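Shown below: model-v7.cif, with mmCIF, C-alpha atoms.
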```cif
data_data
loop_
_atom_site.group_PDB
_atom_site.id
_atom_site.type_symbol
_atom_site.label_atom_id
_atom_site.label_comp_id
_atom_site.auth_asym_id
_atom_site.auth_seq_id
_atom_site.Cartn_x
_atom_site.Cartn_y
_atom_site.Cartn_z
ATOM 1 C CA MET A 1 137.362 -71.149 25.727
ATOM 2 C CA ARG A 2 141.082 -70.464 25.290
ATOM 3 C CA TYR A 3 143.352 -73.432 24.683
ATOM 4 C CA PRO A 4 147.109 -73.331 25.368
ATOM 5 C CA ALA A 5 149.376 -74.160 22.444
ATOM 6 C CA SER A 6 150.186 -77.612 23.861
ATOM 7 C CA GLU A 7 146.494 -78.597 23.835
ATOM 8 C CA LYS A 8 146.038 -77.215 20.319
ATOM 9 C CA ILE A 9 148.943 -79.415 19.141
ATOM 10 C CA GLU A 10 147.405 -82.476 20.821
ATOM 11 C CA ILE A 11 144.047 -81.780 19.130
ATOM 12 C CA ILE A 12 145.756 -81.409 15.726
ATOM 13 C CA ARG A 13 147.645 -84.666 16.239
ATOM 14 C CA LEU A 14 144.485 -86.450 17.337
ATOM 15 C CA VAL A 15 142.623 -85.338 14.199
ATOM 16 C CA GLU A 16 145.575 -86.235 11.928
ATOM 17 C CA GLN A 17 145.821 -89.686 13.473
ATOM 18 C CA SER A 18 142.110 -90.470 13.619
ATOM 19 C CA HIS A 19 140.598 -93.091 11.312
ATOM 20 C CA LEU A 20 137.364 -91.062 11.382
ATOM 21 C CA SER A 21 136.718 -88.086 9.133
ATOM 22 C CA VAL A 22 137.792 -84.642 10.319
ATOM 23 C CA ARG A 23 134.185 -83.599 10.840
ATOM 24 C CA GLU A 24 133.306 -86.666 12.938
ATOM 25 C CA THR A 25 136.472 -86.404 15.021
ATOM 26 C CA LEU A 26 135.918 -82.708 15.759
ATOM 27 C CA GLU A 27 132.277 -83.330 16.683
ATOM 28 C CA ARG A 28 133.358 -85.958 19.202
ATOM 29 C CA ILE A 29 135.862 -83.677 20.923
ATOM 30 C CA GLY A 30 133.684 -80.564 20.677
ATOM 31 C CA ILE A 31 135.920 -78.328 18.552
ATOM 32 C CA PRO A 32 134.344 -76.147 15.802
ATOM 33 C CA ARG A 33 135.717 -76.901 12.353
ATOM 34 C CA ALA A 34 136.478 -73.244 11.639
ATOM 35 C CA THR A 35 138.550 -73.025 14.824
ATOM 36 C CA PHE A 36 140.408 -76.233 14.034
ATOM 37 C CA TYR A 37 141.279 -75.199 10.467
ATOM 38 C CA ARG A 38 142.503 -71.817 11.715
ATOM 39 C CA TRP A 39 144.812 -73.619 14.153
ATOM 40 C CA TYR A 40 145.885 -76.072 11.472
ATOM 41 C CA ASP A 41 146.784 -73.309 8.988
ATOM 42 C CA LEU A 42 148.868 -71.578 11.672
ATOM 43 C CA TYR A 43 150.572 -74.882 12.574
ATOM 44 C CA GLN A 44 151.362 -75.694 8.934
ATOM 45 C CA SER A 45 152.831 -72.269 8.253
ATOM 46 C CA GLY A 46 154.595 -71.536 11.515
ATOM 47 C CA GLY A 47 154.882 -74.724 13.548
ATOM 48 C CA PRO A 48 153.940 -75.152 17.241
ATOM 49 C CA GLU A 49 154.994 -71.611 18.200
ATOM 50 C CA ALA A 50 152.419 -70.118 15.826
ATOM 51 C CA LEU A 51 149.695 -71.599 18.041
ATOM 52 C CA GLU A 52 150.695 -69.446 21.001
ATOM 53 C CA ASP A 53 148.428 -66.485 21.754
ATOM 54 C CA ARG A 54 149.955 -63.482 20.046
ATOM 55 C CA GLN A 55 151.613 -60.943 22.291
ATOM 56 C CA PRO A 56 153.732 -57.850 21.530
ATOM 57 C CA CYS A 57 157.309 -58.928 20.806
ATOM 58 C CA PRO A 58 160.553 -56.973 21.078
ATOM 59 C CA LYS A 59 162.391 -56.207 17.870
ATOM 60 C CA GLN A 60 165.357 -58.222 19.094
ATOM 61 C CA VAL A 61 164.794 -61.680 20.560
ATOM 62 C CA TRP A 62 167.246 -62.303 23.370
ATOM 63 C CA ASN A 63 167.101 -66.104 23.163
ATOM 64 C CA ARG A 64 167.604 -66.504 19.415
ATOM 65 C CA ILE A 65 169.525 -69.677 18.575
ATOM 66 C CA PRO A 66 172.994 -68.790 17.209
ATOM 67 C CA ASP A 67 173.605 -69.490 13.515
ATOM 68 C CA ALA A 68 176.312 -72.070 14.281
ATOM 69 C CA ILE A 69 173.865 -74.048 16.436
ATOM 70 C CA ARG A 70 171.200 -73.793 13.721
ATOM 71 C CA GLN A 71 173.584 -75.335 11.208
ATOM 72 C CA GLN A 72 174.369 -78.176 13.603
ATOM 73 C CA ILE A 73 170.650 -78.889 14.044
ATOM 74 C CA ILE A 74 170.110 -78.944 10.279
ATOM 75 C CA GLN A 75 173.090 -81.263 9.843
ATOM 76 C CA LEU A 76 171.731 -83.639 12.505
ATOM 77 C CA ALA A 77 168.353 -83.656 10.708
ATOM 78 C CA LEU A 78 170.087 -84.532 7.431
ATOM 79 C CA ASP A 79 172.200 -87.231 9.083
ATOM 80 C CA GLU A 80 169.199 -88.825 10.836
ATOM 81 C CA PRO A 81 166.149 -88.107 8.646
ATOM 82 C CA GLU A 82 163.976 -90.655 10.459
ATOM 83 C CA LEU A 83 163.881 -88.463 13.608
ATOM 84 C CA SER A 84 160.915 -86.155 14.200
ATOM 85 C CA PRO A 85 161.432 -82.535 15.370
ATOM 86 C CA ARG A 86 160.680 -83.699 18.911
ATOM 87 C CA GLU A 87 163.269 -86.485 18.737
ATOM 88 C CA LEU A 88 165.805 -84.183 17.096
ATOM 89 C CA ALA A 89 165.395 -81.617 19.871
ATOM 90 C CA VAL A 90 165.987 -84.224 22.569
ATOM 91 C CA ARG A 91 168.867 -85.896 20.706
ATOM 92 C CA PHE A 92 170.602 -82.552 20.138
ATOM 93 C CA THR A 93 170.203 -81.564 23.797
ATOM 94 C CA ASP A 94 171.607 -84.898 24.987
ATOM 95 C CA GLN A 95 174.489 -85.087 22.510
ATOM 96 C CA HIS A 96 175.588 -81.441 22.376
ATOM 97 C CA GLY A 97 174.689 -80.244 25.865
ATOM 98 C CA TYR A 98 172.733 -77.328 24.364
ATOM 99 C CA PHE A 99 168.968 -77.013 24.858
ATOM 100 C CA VAL A 100 166.657 -76.499 21.876
ATOM 101 C CA SER A 101 162.879 -76.824 21.954
ATOM 102 C CA GLU A 102 160.716 -78.936 19.665
ATOM 103 C CA ALA A 103 159.042 -75.758 18.387
ATOM 104 C CA SER A 104 162.393 -74.187 17.468
ATOM 105 C CA VAL A 105 163.539 -77.307 15.637
ATOM 106 C CA TYR A 106 160.205 -77.535 13.788
ATOM 107 C CA ARG A 107 160.375 -73.885 12.695
ATOM 108 C CA LEU A 108 163.996 -74.264 11.561
ATOM 109 C CA LEU A 109 163.334 -77.454 9.581
ATOM 110 C CA LYS A 110 160.141 -76.005 8.107
ATOM 111 C CA ALA A 111 162.138 -73.084 6.750
ATOM 112 C CA GLN A 112 164.549 -75.571 5.151
ATOM 113 C CA ASP A 113 161.656 -77.665 3.714
ATOM 114 C CA LEU A 114 162.755 -80.662 5.799
ATOM 115 C CA ILE A 115 159.360 -81.455 7.355
ATOM 116 C CA ALA A 116 157.599 -84.466 5.826
ATOM 117 C CA SER A 117 153.909 -85.382 6.105
ATOM 118 C CA PRO A 118 152.959 -88.334 8.361
ATOM 119 C CA ALA A 119 153.583 -91.672 6.639
ATOM 120 C CA PHE A 120 150.672 -93.401 8.367
ATOM 121 C CA ILE A 121 147.666 -92.697 10.556
ATOM 122 C CA VAL A 122 146.579 -94.202 13.850
ATOM 123 C CA MET A 123 143.548 -93.807 16.108
ATOM 124 C CA LYS A 124 144.277 -93.353 19.796
ATOM 125 C CA ALA A 125 142.232 -95.536 22.127
ATOM 126 C CA ALA A 126 141.985 -92.897 24.865
ATOM 127 C CA ASN A 127 143.897 -89.999 26.302
ATOM 128 C CA GLU A 128 144.930 -91.985 29.375
ATOM 129 C CA PHE A 129 144.715 -95.580 30.568
ATOM 130 C CA LYS A 130 142.419 -95.918 33.555
ATOM 131 C CA ASP A 131 144.631 -98.052 35.838
ATOM 132 C CA LYS A 132 148.206 -96.887 35.367
ATOM 133 C CA THR A 133 151.236 -98.841 36.471
ATOM 134 C CA SER A 134 153.728 -97.028 38.692
ATOM 135 C CA ALA A 135 156.902 -99.117 38.321
ATOM 136 C CA PRO A 136 158.509 -101.692 35.998
ATOM 137 C CA ASN A 137 157.476 -105.343 36.193
ATOM 138 C CA GLN A 138 154.015 -104.651 37.590
ATOM 139 C CA LEU A 139 152.230 -105.509 34.341
ATOM 140 C CA TRP A 140 153.463 -107.142 31.147
ATOM 141 C CA GLN A 141 151.590 -106.987 27.860
ATOM 142 C CA THR A 142 151.907 -109.784 25.323
ATOM 143 C CA ASP A 143 150.521 -110.471 21.869
ATOM 144 C CA PHE A 144 151.255 -112.012 18.456
ATOM 145 C CA THR A 145 151.559 -110.247 15.113
ATOM 146 C CA TYR A 146 151.944 -111.603 11.575
ATOM 147 C CA LEU A 147 155.054 -111.231 9.423
ATOM 148 C CA LYS A 148 155.613 -112.830 6.017
ATOM 149 C CA VAL A 149 158.769 -114.414 4.602
ATOM 150 C CA ILE A 150 158.536 -114.855 0.841
ATOM 151 C CA GLY A 151 158.665 -118.538 -0.114
ATOM 152 C CA TRP A 152 158.230 -119.624 3.518
ATOM 153 C CA GLY A 153 154.823 -118.220 4.434
ATOM 154 C CA TRP A 154 153.607 -116.482 7.565
ATOM 155 C CA PHE A 155 155.538 -116.287 10.820
ATOM 156 C CA TYR A 156 154.192 -115.078 14.151
ATOM 157 C CA LEU A 157 156.091 -112.673 16.375
ATOM 158 C CA SER A 158 155.398 -113.156 20.083
ATOM 159 C CA THR A 159 156.443 -110.203 22.238
ATOM 160 C CA VAL A 160 156.439 -109.346 25.945
ATOM 161 C CA LEU A 161 156.405 -105.600 26.721
ATOM 162 C CA ASP A 162 156.670 -103.963 30.145
ATOM 163 C CA ASP A 163 153.616 -101.732 30.560
ATOM 164 C CA PHE A 164 155.256 -99.001 32.668
ATOM 165 C CA SER A 165 158.404 -98.454 30.590
ATOM 166 C CA ARG A 166 157.330 -99.943 27.217
ATOM 167 C CA TYR A 167 160.619 -101.868 27.325
ATOM 168 C CA ILE A 168 160.635 -104.965 25.080
ATOM 169 C CA LEU A 169 161.648 -107.691 27.510
ATOM 170 C CA ALA A 170 161.540 -110.603 25.097
ATOM 171 C CA TRP A 171 160.416 -111.641 21.631
ATOM 172 C CA LYS A 172 160.314 -114.870 19.650
ATOM 173 C CA LEU A 173 159.603 -115.553 15.981
ATOM 174 C CA CYS A 174 157.342 -118.598 15.862
ATOM 175 C CA THR A 175 155.775 -120.819 13.225
ATOM 176 C CA THR A 176 152.634 -121.319 15.337
ATOM 177 C CA MET A 177 150.619 -119.391 17.912
ATOM 178 C CA LYS A 178 150.296 -122.062 20.582
ATOM 179 C CA ALA A 179 150.464 -121.825 24.353
ATOM 180 C CA GLU A 180 154.010 -123.212 24.338
ATOM 181 C CA ASP A 181 155.086 -120.298 22.127
ATOM 182 C CA VAL A 182 153.676 -117.885 24.708
ATOM 183 C CA THR A 183 155.354 -119.638 27.626
ATOM 184 C CA ALA A 184 158.675 -119.780 25.751
ATOM 185 C CA THR A 185 158.545 -116.003 25.260
ATOM 186 C CA LEU A 186 157.588 -115.463 28.897
ATOM 187 C CA GLU A 187 160.540 -117.635 29.992
ATOM 188 C CA LEU A 188 162.827 -115.313 28.022
ATOM 189 C CA ALA A 189 161.164 -112.298 29.664
ATOM 190 C CA LEU A 190 161.619 -113.710 33.173
ATOM 191 C CA GLN A 191 165.290 -114.351 32.452
ATOM 192 C CA ALA A 192 165.814 -110.890 30.939
ATOM 193 C CA SER A 193 164.125 -109.178 33.897
ATOM 194 C CA GLY A 194 166.115 -111.203 36.433
ATOM 195 C CA LEU A 195 162.936 -112.386 38.138
ATOM 196 C CA GLU A 196 163.971 -116.019 37.731
ATOM 197 C CA GLN A 197 167.028 -115.420 39.905
ATOM 198 C CA VAL A 198 165.443 -113.447 42.785
ATOM 199 C CA GLU A 199 162.469 -113.758 45.087
ATOM 200 C CA VAL A 200 159.966 -110.904 44.752
ATOM 201 C CA ALA A 201 156.793 -110.158 46.675
ATOM 202 C CA HIS A 202 154.683 -109.816 43.534
ATOM 203 C CA ARG A 203 155.250 -111.303 40.117
ATOM 204 C CA PRO A 204 154.136 -109.275 37.077
ATOM 205 C CA ARG A 205 150.538 -109.560 35.955
ATOM 206 C CA LEU A 206 150.108 -110.621 32.343
ATOM 207 C CA LEU A 207 147.761 -108.710 30.024
ATOM 208 C CA SER A 208 146.683 -110.308 26.743
ATOM 209 C CA ASP A 209 143.752 -110.578 24.370
ATOM 210 C CA ASN A 210 141.433 -113.574 24.129
ATOM 211 C CA GLY A 211 143.305 -115.569 21.505
ATOM 212 C CA SER A 212 143.190 -119.361 21.747
ATOM 213 C CA SER A 213 146.757 -119.563 23.026
ATOM 214 C CA TYR A 214 145.984 -117.123 25.861
ATOM 215 C CA ILE A 215 142.812 -118.829 27.119
ATOM 216 C CA SER A 216 144.300 -122.338 27.089
ATOM 217 C CA SER A 217 144.526 -124.368 30.281
ATOM 218 C CA ASP A 218 148.209 -125.083 29.567
ATOM 219 C CA LEU A 219 149.053 -121.378 29.848
ATOM 220 C CA ALA A 220 146.932 -121.008 32.974
ATOM 221 C CA THR A 221 148.781 -123.900 34.612
ATOM 222 C CA TRP A 222 152.168 -122.478 33.631
ATOM 223 C CA LEU A 223 151.302 -119.012 34.975
ATOM 224 C CA GLU A 224 150.053 -120.494 38.240
ATOM 225 C CA GLY A 225 153.346 -122.355 38.630
ATOM 226 C CA LYS A 226 155.239 -119.091 38.137
ATOM 227 C CA GLY A 227 153.030 -117.179 40.575
ATOM 228 C CA MET A 228 151.738 -114.832 37.853
ATOM 229 C CA THR A 229 148.157 -113.649 37.454
ATOM 230 C CA HIS A 230 146.500 -113.183 34.065
ATOM 231 C CA VAL A 231 144.262 -110.331 32.880
ATOM 232 C CA ARG A 232 142.539 -110.422 29.488
ATOM 233 C CA GLY A 233 141.089 -107.497 27.577
ATOM 234 C CA ALA A 234 137.469 -107.238 26.549
ATOM 235 C CA PRO A 235 136.666 -109.140 23.326
ATOM 236 C CA TYR A 236 136.930 -107.052 20.128
ATOM 237 C CA HIS A 237 138.582 -104.221 22.058
ATOM 238 C CA PRO A 238 142.304 -104.204 21.144
ATOM 239 C CA MET A 239 142.727 -100.729 22.675
ATOM 240 C CA THR A 240 143.073 -102.434 26.083
ATOM 241 C CA GLN A 241 146.434 -103.768 24.866
ATOM 242 C CA GLY A 242 147.131 -100.437 23.164
ATOM 243 C CA LYS A 243 150.822 -100.235 24.034
ATOM 244 C CA ILE A 244 151.783 -103.530 22.459
ATOM 245 C CA GLU A 245 149.476 -102.870 19.507
ATOM 246 C CA ARG A 246 151.297 -99.568 19.011
ATOM 247 C CA TRP A 247 154.624 -101.408 19.249
ATOM 248 C CA HIS A 248 153.531 -103.738 16.450
ATOM 249 C CA GLN A 249 152.648 -100.774 14.251
ATOM 250 C CA THR A 250 155.940 -99.019 14.983
ATOM 251 C CA LEU A 251 157.876 -102.208 14.202
ATOM 252 C CA LYS A 252 156.077 -102.899 10.941
ATOM 253 C CA ASN A 253 156.390 -99.327 9.709
ATOM 254 C CA ARG A 254 160.148 -99.729 10.010
ATOM 255 C CA ILE A 255 161.024 -103.309 9.064
ATOM 256 C CA LEU A 256 158.390 -103.941 6.381
ATOM 257 C CA LEU A 257 159.985 -101.407 4.054
ATOM 258 C CA GLU A 258 161.718 -104.375 2.400
ATOM 259 C CA ASN A 259 160.942 -108.004 1.568
ATOM 260 C CA TYR A 260 162.434 -111.003 3.375
ATOM 261 C CA PHE A 261 163.330 -114.309 1.770
ATOM 262 C CA LEU A 262 164.862 -116.090 4.780
ATOM 263 C CA PRO A 263 163.565 -116.266 8.366
ATOM 264 C CA GLY A 264 167.060 -115.453 9.616
ATOM 265 C CA ASP A 265 167.055 -112.150 7.732
ATOM 266 C CA LEU A 266 163.721 -111.214 9.313
ATOM 267 C CA GLU A 267 164.972 -112.160 12.795
ATOM 268 C CA ALA A 268 168.088 -110.030 12.314
ATOM 269 C CA GLN A 269 165.981 -107.000 11.374
ATOM 270 C CA ILE A 270 163.668 -107.528 14.362
ATOM 271 C CA GLU A 271 166.642 -107.854 16.706
ATOM 272 C CA ALA A 272 168.226 -104.654 15.382
ATOM 273 C CA PHE A 273 164.995 -102.686 15.675
ATOM 274 C CA VAL A 274 164.261 -103.958 19.204
ATOM 275 C CA ALA A 275 167.702 -102.700 20.260
ATOM 276 C CA HIS A 276 167.008 -99.328 18.608
ATOM 277 C CA TYR A 277 163.516 -99.111 20.153
ATOM 278 C CA ASN A 278 164.679 -100.008 23.655
ATOM 279 C CA HIS A 279 167.874 -97.971 23.839
ATOM 280 C CA GLN A 280 167.769 -95.134 21.275
ATOM 281 C CA ARG A 281 164.202 -94.193 20.346
ATOM 282 C CA TYR A 282 162.851 -91.331 22.476
ATOM 283 C CA HIS A 283 159.263 -91.981 23.546
ATOM 284 C CA GLU A 284 156.994 -88.954 23.849
ATOM 285 C CA SER A 285 154.796 -90.512 26.550
ATOM 286 C CA LEU A 286 157.929 -91.239 28.630
ATOM 287 C CA ASP A 287 159.023 -87.571 28.771
ATOM 288 C CA ASN A 288 161.292 -88.222 25.774
ATOM 289 C CA LEU A 289 163.226 -90.962 27.531
ATOM 290 C CA THR A 290 163.969 -94.348 26.004
ATOM 291 C CA PRO A 291 162.216 -97.445 27.368
ATOM 292 C CA ALA A 292 165.569 -98.674 28.719
ATOM 293 C CA ASP A 293 166.085 -95.391 30.589
ATOM 294 C CA VAL A 294 162.767 -95.871 32.387
ATOM 295 C CA TYR A 295 163.025 -99.636 32.920
ATOM 296 C CA PHE A 296 166.510 -99.472 34.440
ATOM 297 C CA GLY A 297 165.784 -96.381 36.553
ATOM 298 C CA ARG A 298 167.974 -93.840 34.752
ATOM 299 C CA GLY A 299 165.114 -91.532 33.787
ATOM 300 C CA GLU A 300 165.097 -89.159 36.755
ATOM 301 C CA ALA A 301 168.835 -88.441 36.480
ATOM 302 C CA ILE A 302 168.562 -87.821 32.715
ATOM 303 C CA LEU A 303 165.642 -85.418 33.139
ATOM 304 C CA LYS A 304 167.515 -83.485 35.838
ATOM 305 C CA GLU A 305 170.552 -83.182 33.559
ATOM 306 C CA ARG A 306 168.375 -81.945 30.683
ATOM 307 C CA GLU A 307 166.829 -79.334 32.977
ATOM 308 C CA ARG A 308 170.318 -78.203 34.017
ATOM 309 C CA ILE A 309 171.355 -77.931 30.346
ATOM 310 C CA LYS A 310 168.196 -75.948 29.589
ATOM 311 C CA ARG A 311 168.852 -73.427 32.379
ATOM 312 C CA GLN A 312 172.492 -73.092 31.385
ATOM 313 C CA THR A 313 171.628 -72.620 27.706
ATOM 314 C CA ILE A 314 169.033 -69.927 28.459
ATOM 315 C CA GLN A 315 171.479 -68.117 30.726
ATOM 316 C CA THR A 316 174.148 -68.240 28.005
ATOM 317 C CA ARG A 317 171.758 -66.853 25.374
ATOM 318 C CA ARG A 318 170.693 -64.036 27.716
ATOM 319 C CA LEU A 319 174.309 -63.055 28.384
ATOM 320 C CA GLN A 320 175.134 -63.129 24.667
ATOM 321 C CA HIS A 321 172.155 -60.868 23.955
ATOM 322 C CA GLN A 322 173.203 -58.425 26.667
ATOM 323 C CA MET A 323 176.750 -58.294 25.286
ATOM 324 C CA GLN A 324 175.466 -57.599 21.758
ATOM 325 C CA ALA A 325 173.047 -54.922 22.994
ATOM 326 C CA ALA A 326 175.731 -53.145 25.080
#
```
Would you write out, as structure tokens, the structure that this file holds?
Amino acid sequence: MRYPASEKIEIIRLVEQSHLSVRETLERIGIPRATFYRWYDLYQSGGPEALEDRQPCPKQVWNRIPDAIRQQIIQLALDEPELSPRELAVRFTDQHGYFVSEASVYRLLKAQDLIASPAFIVMKAANEFKDKTSAPNQLWQTDFTYLKVIGWGWFYLSTVLDDFSRYILAWKLCTTMKAEDVTATLELALQASGLEQVEVAHRPRLLSDNGSSYISSDLATWLEGKGMTHVRGAPYHPMTQGKIERWHQTLKNRILLENYFLPGDLEAQIEAFVAHYNHQRYHESLDNLTPADVYFGRGEAILKERERIKRQTIQTRRLQHQMQAA
């Protein structure tokens, strides 16, 4: 069976991110090890484009990225080293009005030895969630995670995330994990979403795990008063709340690079990263839009503008090639 390059990349990423061994992961997805390692060697040496089925190529490539643009891409990678090739490609397209693909950026950075290995691994719960939301404020996910302040002990971060857009609606750093901490965070989310000021036909459903604060009668009473329904994931199955679990991992990989000695310092770092996550960080599962773009309905216009830039860039490259060949 022939796989397109995009599926080969997804398989490589799945194996890299799996907590299982390579052999066990490949057995589960039905890919021979020899085939996988051949793909992986091509990917390591040539990037995503090396996974394309080989076809005869002309001696001159009409859509080669000009040297001046290449230097600008390299400079952007040096200025913002935390961005992946995918994020760099989208950022460059948005900021410079010139389309470049993820594969081109990867190949360029690989040649400059600017590609780093993954800093952490993660196991995906599934390729797709069974019951997908279709608009913001249909389903909110909420959960706690632990964060330590030296000399103060453990604090608990309560977060409310919109399932459709992955937008962080509200968060609160707490000293306990009680029902009142959950309701306080939900109050902030209702205010941030504007749902406290308007009448809507359906309030968001709430998705959580089975922690003591989420199964309490106090929370059930509060949710009933707000007209919100509550859905809980299966016990010992955190993948049901996979989006907020992934948010916790993303947050910790960024802010836990340093120690904190005051709760206020930790809160300031969380606040800064939430702003970055919501408004600047391109999300691959959102077609490389930010959560804010999707939540506030700007996504379609941004994608149309990117498509226009892509067509214009390709046309410009073709004309430049024709002029050079004449």
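Computed from the coordinates, the CA of Ser212 in chain A to CA of Lys178 in chain A distance equals 7.7 Å.
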* Neighbours of Phe261 in chain A within 8 Å (only C-alpha atoms; same-chain residues fewer than 5 positions away dropped), as a PyMOL selection string? -> chain A and resi 149-152
* To do: Translate the PyMOL selection byres ((chain A and resi 157) around 9), as applied to the file shown, into an explicit residue set as a PyMOL selection string.
  => chain A and resi 143-147+155-156+158-159+171-175+177
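The closest residue to Ile302 in chain A, picked from A:Pro204, A:Gly97, A:Gly242, A:Pro263 and counting only C-alpha atoms, is A:Gly97.
For the atom pair formed by CA of Gln312 in chain A and CA of Thr93 in chain A, the distance is 11.6 Å, given to one decimal.
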* To do: Apply the PyMOL selection byres ((chain A and resi 20-26) around 12) to the structure shown and report the selected residues as number ranges by chain.
  => A: 11-19, 27-37, 40, 121-124
* Asked: Hey, can you pull every residue with an atom no more than 8 Å from (148.8, -111.1, 28.6), using all atoms listed in the file, and send it as a VMD selection string?
  -> chain A and resid 140 to 143 205 to 209 214 230 to 232
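The interatomic distance for the pair CA of Arg91 in chain A and CA of Ile314 in chain A works out to 17.8 Å.
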* To do: Using only C-alpha atoms, determine which residues lie at most 9 Å from Trp247 in chain A, disregarding the query and same-chain residues fewer than 5 positions distant; provide the list as a ChimeraX atom specification.
  => /A:161,166,242,252
* Asked: For this file, the PyMOL selection byres ((chain A and resi 105) around 12) selects which residues, as a PyMOL selection string?
  -> chain A and resi 46-49+65+69-77+83-93+99-104+106-112+114-115
* Determine, counting only C-alpha atoms, every residue of protein, DNA or RNA that lies within 6 Å of (147.8, -118.2, 25.1) in the file coordinates, then give the result as a ChimeraX atom specification. => /A:179,182,212-216,219
Using C-alpha atoms, can you export the residues from the last selection as a PDB file, in the coordinates of the input?
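Output contents, as saved in out-v2.pdb:
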```
ATOM      1  CA  ALA A 179     150.464-121.825  24.353  1.00  0.00           C
ATOM      2  CA  VAL A 182     153.676-117.885  24.708  1.00  0.00           C
ATOM      3  CA  SER A 212     143.190-119.361  21.747  1.00  0.00           C
ATOM      4  CA  SER A 213     146.757-119.563  23.026  1.00  0.00           C
ATOM      5  CA  TYR A 214     145.984-117.123  25.861  1.00  0.00           C
ATOM      6  CA  ILE A 215     142.812-118.829  27.119  1.00  0.00           C
ATOM      7  CA  SER A 216     144.300-122.338  27.089  1.00  0.00           C
ATOM      8  CA  LEU A 219     149.053-121.378  29.848  1.00  0.00           C
TER       9      LEU A 219
END
```
